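Everything on this sheet refers to the single structure shown next.
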Protein chains: 2
Amino acid sequence: MKYPTGINKEYKQKTSHSKRGMKLEKDINDTNEFYLASNIAVIHKKPTPITLVKVSYPSRNKAIIKEAYFNTPSTTDYNGIYKGKYIDFEAKETSGKSFPLSNIHDHQIKHLKQIDNHGGIGFIIVRFTKLNLNYYLGIKEFLNFTENNGKKSIPLEYFTEFGYKIKDTYNPRIDYLKIVDYLYFGGKYD
Amino acid sequence: MKYPTGINKEYKQKTSHSKRGMKLEKDINDTNEFYLASNIAVIHKKPTPITLVKVSYPSRNKAIIKEAYFNTPSTTDYNGIYKGKYIDFEAKETSGKSFPLSNIHDHQIKHLKQIDNHGGIGFIIVRFTKLNLNYYLGIKEFLNFTENNGKKSIPLEYFTEFGYKIKDTYNPRIDYLKIVDYLYFGGKYD
């Protein structure tokens with residue numbers, strides 16, 4: 001979601017719980033802008049899906065949405081292309097020492113599974129906010145966890161063992177393509 | 001855009017000019033659903049980009065968008081994966097015998113050019129509504145036209161010469177991947 005600067009106060013005050021994940025989102029958007037400007041990759045965040053109910057047209061070329069609702073997303077937030085490969089991922093923050101599976105929709109997991117089946121690169125990025133750690137976890141490793149036990153959250157230990165830490169850097173902020181390079185293109189991971 | 005069934009009357013009456021292109025959009029969405037259900041490809045329409053201004057929260061888990069505006073899209077409407085390749089396109093209708101370039105945003109052309117540079121498959125689908133013809137035009141052929149003359153629209157003849165007619169079929173409605181198959185995977189085009 002893009003929040004304009006002239007944002008309504010009512011909105012600002014009441015959305016604190018919805019703003020979780022905004023910092024990670026900003027870091028990823030900045031990273032994607034860096035990739036695009038540097039001609040490294042073309043990866044964009046998808047707009048937030050909504051259902052329109054009421055739109056008014058005060059003049060011919062102006063439309064104001066007067067009533068709409070947020071939809072449950074059927075795909076992930078980010079996709080694009082890198083070195084000719086299709087890239088698709090979801091990014092989430094968590095404040096604890098494990099990643100609650102309720103944070104990610106079933107539809108999104110199903111989508112990433114389909115991407116993997118069709119030869120794309122699917123993964124999730126999870127930020128452990130209090131520990132200031134970002135992890136890349138491939139969709140195969142994600143499914144390996146969820147399909148083989150009934151736990152409701154993935155512990156940090158699983159990420160350290162089967163995921164890849166994304167180092168904090170200045171620009172790009174979250175260089176997740178370094179992990180993709182290591183896993184798919186013979187790049188270094190140190 | 002997804003228009004709910006319980007749509008407001010004010011909206012319905014005043015949006016006739018905005019509904020141009022809706023029929024093609026529906027046909028492409030149906031086609032993409034067919035591809036997905038048949039495990040042929042994973043291609044989705046992106047949500048319409050909006051800028052939120054005012055959202056109210058009548059209860060903890062309910063959000064109503066009270067004021068928002070449509071943004072100019074920075075990418076195309078459709079992308080996804082087919083046979084491991086990244087697919088990206090924009091679809092437009094035109095009622096005349098040529099395709100007005102004003103129908104497609106500069107950002108979208110730039111985006112398709114970037115996709116092409118990174119090894120993806122980028123194109124546009126144009127429906128000539130009165131002639132009931134659908135054409136696939138590759139981004140390279142599109143740019144060949146726009147970069148080599150100052151015309152404000154691409155005549156149908158250019159599509160018949162450098163594009164590919166997408167045949168009307170029942171299911172899928174608009175089998176555009178048949179053209180992709182022909183151009184990139186040695187498939188037949190008859």
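Residue names in the structure tokens use chain letters A, B, ... in the order shown, residue numbers from 1 in each chain, and ligand numbers from 1 in the order shown.
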
Please find the residues of chain A near chain B - the criterion being any atom within 7 Å, counting only C-alpha atoms - and write them as a VMD selection string.
chain A and resid 2 to 4 7 to 8 11 42 46 to 49 51 to 56 63 to 69 81 to 86 115 118 to 120

Go ahead and save the picked residues with C-alpha atoms, as an mmCIF file, in the first residue's frame.
data_model
loop_
_atom_site.group_PDB
_atom_site.id
_atom_site.type_symbol
_atom_site.label_atom_id
_atom_site.label_comp_id
_atom_site.auth_asym_id
_atom_site.auth_seq_id
_atom_site.Cartn_x
_atom_site.Cartn_y
_atom_site.Cartn_z
ATOM 1 C CA LYS A 2 1.147 3.488 -0.740
ATOM 2 C CA TYR A 3 0.251 6.042 1.887
ATOM 3 C CA PRO A 4 0.114 9.562 0.554
ATOM 4 C CA ILE A 7 -3.109 11.320 4.659
ATOM 5 C CA ASN A 8 -6.256 11.746 6.698
ATOM 6 C CA TYR A 11 -6.766 6.973 9.077
ATOM 7 C CA VAL A 42 12.463 -5.855 -12.853
ATOM 8 C CA LYS A 46 1.491 -5.577 -6.801
ATOM 9 C CA PRO A 47 -1.205 -3.096 -5.826
ATOM 10 C CA THR A 48 -3.447 -4.013 -2.900
ATOM 11 C CA PRO A 49 -6.519 -5.839 -4.203
ATOM 12 C CA THR A 51 -13.457 -4.472 -4.349
ATOM 13 C CA LEU A 52 -15.030 -1.256 -5.575
ATOM 14 C CA VAL A 53 -18.559 -0.527 -4.451
ATOM 15 C CA LYS A 54 -19.087 3.154 -5.084
ATOM 16 C CA VAL A 55 -17.174 5.507 -7.351
ATOM 17 C CA SER A 56 -18.277 9.018 -8.114
ATOM 18 C CA ALA A 63 -13.023 9.511 -10.406
ATOM 19 C CA ILE A 64 -13.237 9.322 -6.626
ATOM 20 C CA ILE A 65 -13.607 5.977 -4.911
ATOM 21 C CA LYS A 66 -16.213 6.530 -2.195
ATOM 22 C CA GLU A 67 -16.657 2.995 -0.931
ATOM 23 C CA ALA A 68 -14.395 -0.017 -1.350
ATOM 24 C CA TYR A 69 -13.126 -2.969 0.655
ATOM 25 C CA ILE A 81 12.079 -11.145 -13.621
ATOM 26 C CA TYR A 82 15.767 -11.661 -12.825
ATOM 27 C CA LYS A 83 18.330 -13.072 -15.274
ATOM 28 C CA GLY A 84 15.478 -14.392 -17.382
ATOM 29 C CA LYS A 85 13.881 -16.249 -14.454
ATOM 30 C CA TYR A 86 10.457 -15.611 -12.998
ATOM 31 C CA ILE A 115 5.176 -21.040 -9.376
ATOM 32 C CA HIS A 118 6.182 -24.156 -13.386
ATOM 33 C CA GLY A 119 9.902 -23.531 -12.998
ATOM 34 C CA GLY A 120 9.819 -20.159 -11.251
#

In stretch 48-171 of chain B, DSSP helix (DSSP H, G or I) residues written as JSON, numbers by chain
{"B": [101, 102, 103, 106, 107, 108, 109, 110, 111, 112, 113, 114, 115, 116, 117, 139, 140, 141, 142, 143, 144, 145, 146, 156, 157, 158, 159, 160, 161, 162]}

Skipping near chain neighbours, those fewer than 4 positions away, what residues fall within 10 Å of B:Thr160 using only C-alpha atoms, listed as a PDB file with N, CA, C and O atoms, in the first residue's frame?
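The file below, part28.pdb, is the result:
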ATOM      1  N   TYR B 135      -5.419  -9.406 -31.832  1.00  0.00           N
ATOM      2  CA  TYR B 135      -4.041  -9.559 -32.291  1.00  0.00           C
ATOM      3  C   TYR B 135      -3.036  -9.554 -31.147  1.00  0.00           C
ATOM      4  O   TYR B 135      -3.200  -8.849 -30.148  1.00  0.00           O
ATOM      5  N   TYR B 136      -2.000 -10.350 -31.337  1.00  0.00           N
ATOM      6  CA  TYR B 136      -0.818 -10.389 -30.472  1.00  0.00           C
ATOM      7  C   TYR B 136       0.252  -9.597 -31.204  1.00  0.00           C
ATOM      8  O   TYR B 136       0.516  -9.861 -32.386  1.00  0.00           O
ATOM      9  N   LEU B 137       0.845  -8.622 -30.531  1.00  0.00           N
ATOM     10  CA  LEU B 137       1.960  -7.881 -31.132  1.00  0.00           C
ATOM     11  C   LEU B 137       3.118  -7.854 -30.133  1.00  0.00           C
ATOM     12  O   LEU B 137       2.980  -7.336 -29.011  1.00  0.00           O
ATOM     13  N   PRO B 155      -1.892   1.175 -37.495  1.00  0.00           N
ATOM     14  CA  PRO B 155      -2.993   0.675 -38.322  1.00  0.00           C
ATOM     15  C   PRO B 155      -3.116  -0.850 -38.241  1.00  0.00           C
ATOM     16  O   PRO B 155      -2.142  -1.556 -37.974  1.00  0.00           O
ATOM     17  N   LEU B 156      -4.324  -1.333 -38.477  1.00  0.00           N
ATOM     18  CA  LEU B 156      -4.600  -2.768 -38.465  1.00  0.00           C
ATOM     19  C   LEU B 156      -3.630  -3.535 -39.360  1.00  0.00           C
ATOM     20  O   LEU B 156      -3.177  -4.631 -39.015  1.00  0.00           O
ATOM     21  N   TYR B 164       0.189 -11.352 -34.730  1.00  0.00           N
ATOM     22  CA  TYR B 164      -0.390 -12.677 -34.935  1.00  0.00           C
ATOM     23  C   TYR B 164      -1.845 -12.662 -34.489  1.00  0.00           C
ATOM     24  O   TYR B 164      -2.141 -12.219 -33.371  1.00  0.00           O
ATOM     25  N   LYS B 165      -2.697 -13.131 -35.358  1.00  0.00           N
ATOM     26  CA  LYS B 165      -4.112 -13.179 -35.024  1.00  0.00           C
ATOM     27  C   LYS B 165      -4.351 -14.272 -33.982  1.00  0.00           C
ATOM     28  O   LYS B 165      -3.849 -15.386 -34.128  1.00  0.00           O
TER      29      LYS B 165
END

Mind giving me the straight-line distance from atom CA of A:Gly163 to atom CA of A:Arg127 in Å, one decimal?
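A separation of 12.1 Å between them.
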
Let me make sure I understand: among A:Gln108, A:Thr31, A:Thr72, A:Ser98, which one has the smallest atom-to-atom distance to A:Thr169 if we use only C-alpha atoms?
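With only C-alpha atoms as the atom set, the closest residue is A:Thr31.
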
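The spacing separating atom CA of A:Glu90 from atom CA of B:Ile104 amounts to 29.0 Å.
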
Excluding same-chain residues fewer than 2 positions from A:Ile174, what lies within 10 Å of it counting only C-alpha atoms, as JSON, numbers by chain?
{"A": [24, 27, 28, 29, 30, 31, 32, 125, 134, 135, 166, 167, 168, 169, 170, 171, 172, 176, 177, 178]}

Apply DSSP to the structure's backbone, then extract all residues of stretch 82-172 of chain B labelled strand (DSSP E or B) and return them as a ChimeraX atom specification.
/B:82,85-94,98-100,121-128,133-138,153-155,164-165,168

Save out the residues we just selected, C-alpha atoms, as a PDB file, in the first residue's frame.
ATOM      1  CA  TYR B  82       4.621 -20.200 -18.695  1.00  0.00           C
ATOM      2  CA  LYS B  85       9.433 -18.192 -18.891  1.00  0.00           C
ATOM      3  CA  TYR B  86       8.329 -14.835 -17.527  1.00  0.00           C
ATOM      4  CA  ILE B  87       5.266 -13.509 -19.397  1.00  0.00           C
ATOM      5  CA  ASP B  88       4.107  -9.876 -19.320  1.00  0.00           C
ATOM      6  CA  PHE B  89       1.475  -8.074 -21.360  1.00  0.00           C
ATOM      7  CA  GLU B  90      -1.118  -5.351 -21.639  1.00  0.00           C
ATOM      8  CA  ALA B  91      -4.528  -5.812 -23.299  1.00  0.00           C
ATOM      9  CA  LYS B  92      -6.550  -3.077 -24.994  1.00  0.00           C
ATOM     10  CA  GLU B  93      -9.652  -2.707 -27.092  1.00  0.00           C
ATOM     11  CA  THR B  94     -10.156  -0.280 -29.927  1.00  0.00           C
ATOM     12  CA  SER B  98      -6.134   1.376 -35.900  1.00  0.00           C
ATOM     13  CA  PHE B  99      -4.786   1.271 -32.362  1.00  0.00           C
ATOM     14  CA  PRO B 100      -4.352   4.752 -30.830  1.00  0.00           C
ATOM     15  CA  ILE B 121       8.254 -12.402 -23.110  1.00  0.00           C
ATOM     16  CA  GLY B 122       6.499  -9.043 -23.493  1.00  0.00           C
ATOM     17  CA  PHE B 123       3.631  -8.192 -25.827  1.00  0.00           C
ATOM     18  CA  ILE B 124       0.302  -6.435 -26.191  1.00  0.00           C
ATOM     19  CA  ILE B 125      -3.058  -7.923 -27.090  1.00  0.00           C
ATOM     20  CA  VAL B 126      -5.322  -5.617 -29.086  1.00  0.00           C
ATOM     21  CA  ARG B 127      -8.955  -6.308 -29.842  1.00  0.00           C
ATOM     22  CA  PHE B 128     -10.520  -4.524 -32.797  1.00  0.00           C
ATOM     23  CA  LEU B 133     -10.317  -9.458 -34.335  1.00  0.00           C
ATOM     24  CA  ASN B 134      -7.723 -10.088 -31.628  1.00  0.00           C
ATOM     25  CA  TYR B 135      -4.041  -9.559 -32.291  1.00  0.00           C
ATOM     26  CA  TYR B 136      -0.818 -10.389 -30.472  1.00  0.00           C
ATOM     27  CA  LEU B 137       1.960  -7.881 -31.132  1.00  0.00           C
ATOM     28  CA  GLY B 138       5.424  -8.475 -29.654  1.00  0.00           C
ATOM     29  CA  SER B 153      -1.855   5.084 -33.982  1.00  0.00           C
ATOM     30  CA  ILE B 154      -0.858   1.679 -35.326  1.00  0.00           C
ATOM     31  CA  PRO B 155      -2.993   0.675 -38.322  1.00  0.00           C
ATOM     32  CA  TYR B 164      -0.390 -12.677 -34.935  1.00  0.00           C
ATOM     33  CA  LYS B 165      -4.112 -13.179 -35.024  1.00  0.00           C
ATOM     34  CA  ASP B 168     -11.624 -17.180 -31.419  1.00  0.00           C
TER      35      ASP B 168
END
